[in-house]
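Peer 1: My questions all concern the structure below.
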Amino acid sequence: MLRVVLDVNVLIAAVLSSGGTPARLLLAWQRGAFELIVSPALLAELRRALGYPKLAARIPPERADAFAAWLAREAELVADPETPAPIASPDPGDTYLLALAAAERAMLVTGDKHLADLGRTFPVRTPATLLAMLGDNDA
């Protein structure tokens with residue numbers, strides 16, 4: 001089965017727009033189209049980002065907490081990898097995502113262009129590309 005790490009920007013986009021491509025990815029995951037991998041570092045970044053004033057104004061804290069708790073409970077929660085990422089991210093703050101995806105033999109799905117550009121050397125895709133791979137014709 002396909003294993004996927006969704007970047008925090010994809011997860012936040014799913015909460016912000018229930019009809020958008022990232023939300024459709026979460027629905028595909030719930031239908032069993034792929035395994036969703038999360039780690040303590042990813043969940044901590046998600047909680048931190050959801051607490052930013054700009055996002056907190058759009059996503060009430062109780063909804064943000066419920067979303068993070070749901071992911072921790074329903075996705076495959078794995079330990080943060082101890083091995084370094086096989087390649088470096090242009091943004092050092094994203095290197096842990098590459099390490100997580102590599103350690104779990106998973107695809108990284110992101111909306112960040114600097115990470116998506118690594119797709120030539122590492123399994124990184126955009127949300128729309130993954131939806132298309134899953135056979136969602138509206139991607």
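Following the order of the structure tokens, first chain is A, next is B, and so on, with residues numbered from 1 inside each chain and ligands from 1 in the order they appear.
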Using the chain letters and numbers from this document, which residues of stretch 70-100 of chain A does DSSP assign to helix (DSSP H, G or I), as an mmCIF file with N, CA and C atoms, in the first residue's frame?
Peer 2:
```
data_model
loop_
_atom_site.group_PDB
_atom_site.id
_atom_site.type_symbol
_atom_site.label_atom_id
_atom_site.label_comp_id
_atom_site.auth_asym_id
_atom_site.auth_seq_id
_atom_site.Cartn_x
_atom_site.Cartn_y
_atom_site.Cartn_z
ATOM 1 N N TRP A 70 -7.266 13.863 16.144
ATOM 2 C CA TRP A 70 -7.799 12.870 15.205
ATOM 3 C C TRP A 70 -6.674 12.262 14.365
ATOM 4 N N LEU A 71 -5.780 13.113 13.864
ATOM 5 C CA LEU A 71 -4.655 12.595 13.082
ATOM 6 C C LEU A 71 -3.769 11.687 13.934
ATOM 7 N N ALA A 72 -3.483 12.101 15.165
ATOM 8 C CA ALA A 72 -2.636 11.294 16.048
ATOM 9 C C ALA A 72 -3.270 9.932 16.314
ATOM 10 N N ARG A 73 -4.584 9.907 16.373
ATOM 11 C CA ARG A 73 -5.309 8.679 16.687
ATOM 12 C C ARG A 73 -5.512 7.787 15.462
ATOM 13 N N GLU A 74 -5.812 8.391 14.315
ATOM 14 C CA GLU A 74 -6.221 7.609 13.148
ATOM 15 C C GLU A 74 -5.112 7.312 12.141
ATOM 16 N N PRO A 92 15.749 24.447 5.832
ATOM 17 C CA PRO A 92 16.187 23.488 6.844
ATOM 18 C C PRO A 92 15.063 23.024 7.775
ATOM 19 N N GLY A 93 14.041 23.840 7.957
ATOM 20 C CA GLY A 93 12.916 23.454 8.798
ATOM 21 C C GLY A 93 12.088 22.317 8.225
ATOM 22 N N ASP A 94 12.256 22.029 6.949
ATOM 23 C CA ASP A 94 11.508 20.945 6.301
ATOM 24 C C ASP A 94 12.314 19.656 6.168
ATOM 25 N N THR A 95 13.559 19.675 6.570
ATOM 26 C CA THR A 95 14.404 18.494 6.410
ATOM 27 C C THR A 95 13.845 17.297 7.175
ATOM 28 N N TYR A 96 13.206 17.542 8.323
ATOM 29 C CA TYR A 96 12.647 16.427 9.094
ATOM 30 C C TYR A 96 11.575 15.681 8.293
ATOM 31 N N LEU A 97 10.850 16.399 7.417
ATOM 32 C CA LEU A 97 9.836 15.745 6.590
ATOM 33 C C LEU A 97 10.473 14.771 5.601
ATOM 34 N N LEU A 98 11.601 15.178 5.039
ATOM 35 C CA LEU A 98 12.320 14.300 4.114
ATOM 36 C C LEU A 98 12.857 13.077 4.858
ATOM 37 N N ALA A 99 13.373 13.292 6.068
ATOM 38 C CA ALA A 99 13.879 12.174 6.875
ATOM 39 C C ALA A 99 12.740 11.217 7.229
ATOM 40 N N LEU A 100 11.584 11.776 7.591
ATOM 41 C CA LEU A 100 10.430 10.950 7.945
ATOM 42 C C LEU A 100 9.961 10.133 6.748
#
```
Peer 1: From chain A, collect each residue whose DSSP state is strand (DSSP E or B) and return the set as a ChimeraX atom specification.
Peer 2: /A:3-6,35-38,76-77,107-109,124-125
Peer 1: Counting only C-alpha atoms, which residue out of A:Leu115, A:Val38, A:Arg120, A:Leu131 sits closest to A:Pro81?
Peer 2: A:Val38
Peer 1: For A:Arg125, list every protein, DNA or RNA residue within 8 Å, evaluated using only C-alpha atoms, and leave out those in the same chain fewer than 5 positions away; present the list as a VMD selection string.
Peer 2: chain A and resid 107 to 110 116 119 130
Peer 1: Using only C-alpha atoms for the distances, tell me which of A:Ala57, A:Ala14, A:Ala75, A:Ala132 is nearest to A:Gln30.
Peer 2: A:Ala75
Peer 1: Using only C-alpha atoms, which of A:Glu76, A:Asp112, A:Ala101, A:Val15 sits nearest A:Glu35?
Peer 2: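 Under the stated criterion, the closest residue is A:Glu76.
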Peer 1: Tell me which of A:Asp117, A:Asp80, A:Glu104, A:Asp65 sits closest to A:Leu42, counting only C-alpha atoms.
Peer 2: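 Checking each of A:Asp117, A:Asp80, A:Glu104, A:Asp65 against A:Leu42, counting only C-alpha atoms, the winner is A:Asp80.
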Peer 1: Atom CA of A:His114 and atom CA of A:Met1 are how many Å apart?
Peer 2: 26.8 Å
Peer 1: So, counting only C-alpha atoms, which residue among A:Ile12, A:Gly135, A:Arg3, A:Gly111 is closest to A:Ala56?
Peer 2: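 Of A:Ile12, A:Gly135, A:Arg3, A:Gly111, the one nearest A:Ala56 is A:Ile12, counting only C-alpha atoms.
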Peer 1: By how many Å are atom CA of A:Thr129 and atom CA of A:Gly19 apart?
Peer 2: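 Value for the atom CA of A:Thr129-atom CA of A:Gly19 distance: 16.5 Å.
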Peer 1: For A:Leu16, find every residue with an atom within 12 Å (counting only C-alpha atoms), except residues of its own chain fewer than 3 positions away, and show them as a JSON list (two decimals) with C-alpha atoms, in the first residue's frame.
Peer 2:
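Once written, selection09.json looks like this:
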```
[["chain", "number", "residue", "atom", "x", "y", "z"],
["A", 9, "ASN", "CA", 0.72, 23.06, 4.74],
["A", 10, "VAL", "CA", -1.42, 20.38, 3.08],
["A", 11, "LEU", "CA", -3.08, 19.44, 6.36],
["A", 12, "ILE", "CA", -3.87, 23.08, 7.16],
["A", 13, "ALA", "CA", -5.23, 23.64, 3.66],
["A", 19, "GLY", "CA", -13.79, 21.07, -0.90],
["A", 20, "GLY", "CA", -10.19, 21.62, -1.94],
["A", 21, "THR", "CA", -7.64, 19.12, -3.16],
["A", 22, "PRO", "CA", -5.98, 18.63, 0.26],
["A", 23, "ALA", "CA", -9.36, 17.85, 1.87],
["A", 50, "LEU", "CA", -2.64, 26.19, 13.89],
["A", 54, "LYS", "CA", -3.79, 34.41, 11.40],
["A", 55, "LEU", "CA", -4.86, 30.76, 11.39],
["A", 56, "ALA", "CA", -6.43, 30.78, 14.85],
["A", 57, "ALA", "CA", -8.76, 33.52, 13.61],
["A", 58, "ARG", "CA", -10.06, 31.11, 10.95],
["A", 59, "ILE", "CA", -9.78, 27.79, 12.79],
["A", 60, "PRO", "CA", -11.06, 27.88, 16.37],
["A", 63, "ARG", "CA", -11.34, 22.55, 16.12],
["A", 64, "ALA", "CA", -7.55, 22.73, 15.68],
["A", 67, "PHE", "CA", -8.02, 17.85, 14.13]]
```
Peer 1: List the spatial neighbours of A:Leu2 as a ChimeraX atom specification - criterion: any atom at most 10 Å away, only C-alpha atoms, same-chain residues fewer than 5 positions off excluded.
Peer 2: /A:32-36,105-107,134
Peer 1: Got a sec: who's within 7 Å of A:Ser39, counting only C-alpha atoms, leaving out chain neighbours fewer than 2 positions off, as a PyMOL selection string?
Peer 2: chain A and resi 37+41-43+77-80
Peer 1: Please produce a file of those selected residues containing C-alpha atoms, as a CSV table (one decimal), in the first residue's frame.
Peer 2:
```csv
chain,number,residue,atom,x,y,z
A,37,ILE,CA,2.1,8.6,8.3
A,41,ALA,CA,7.5,16.4,15.2
A,42,LEU,CA,4.9,16.7,12.4
A,43,LEU,CA,2.0,16.9,14.9
A,77,LEU,CA,1.9,7.5,14.3
A,78,VAL,CA,5.6,6.6,14.0
A,79,ALA,CA,8.7,7.7,15.9
A,80,ASP,CA,10.6,10.7,14.6
```
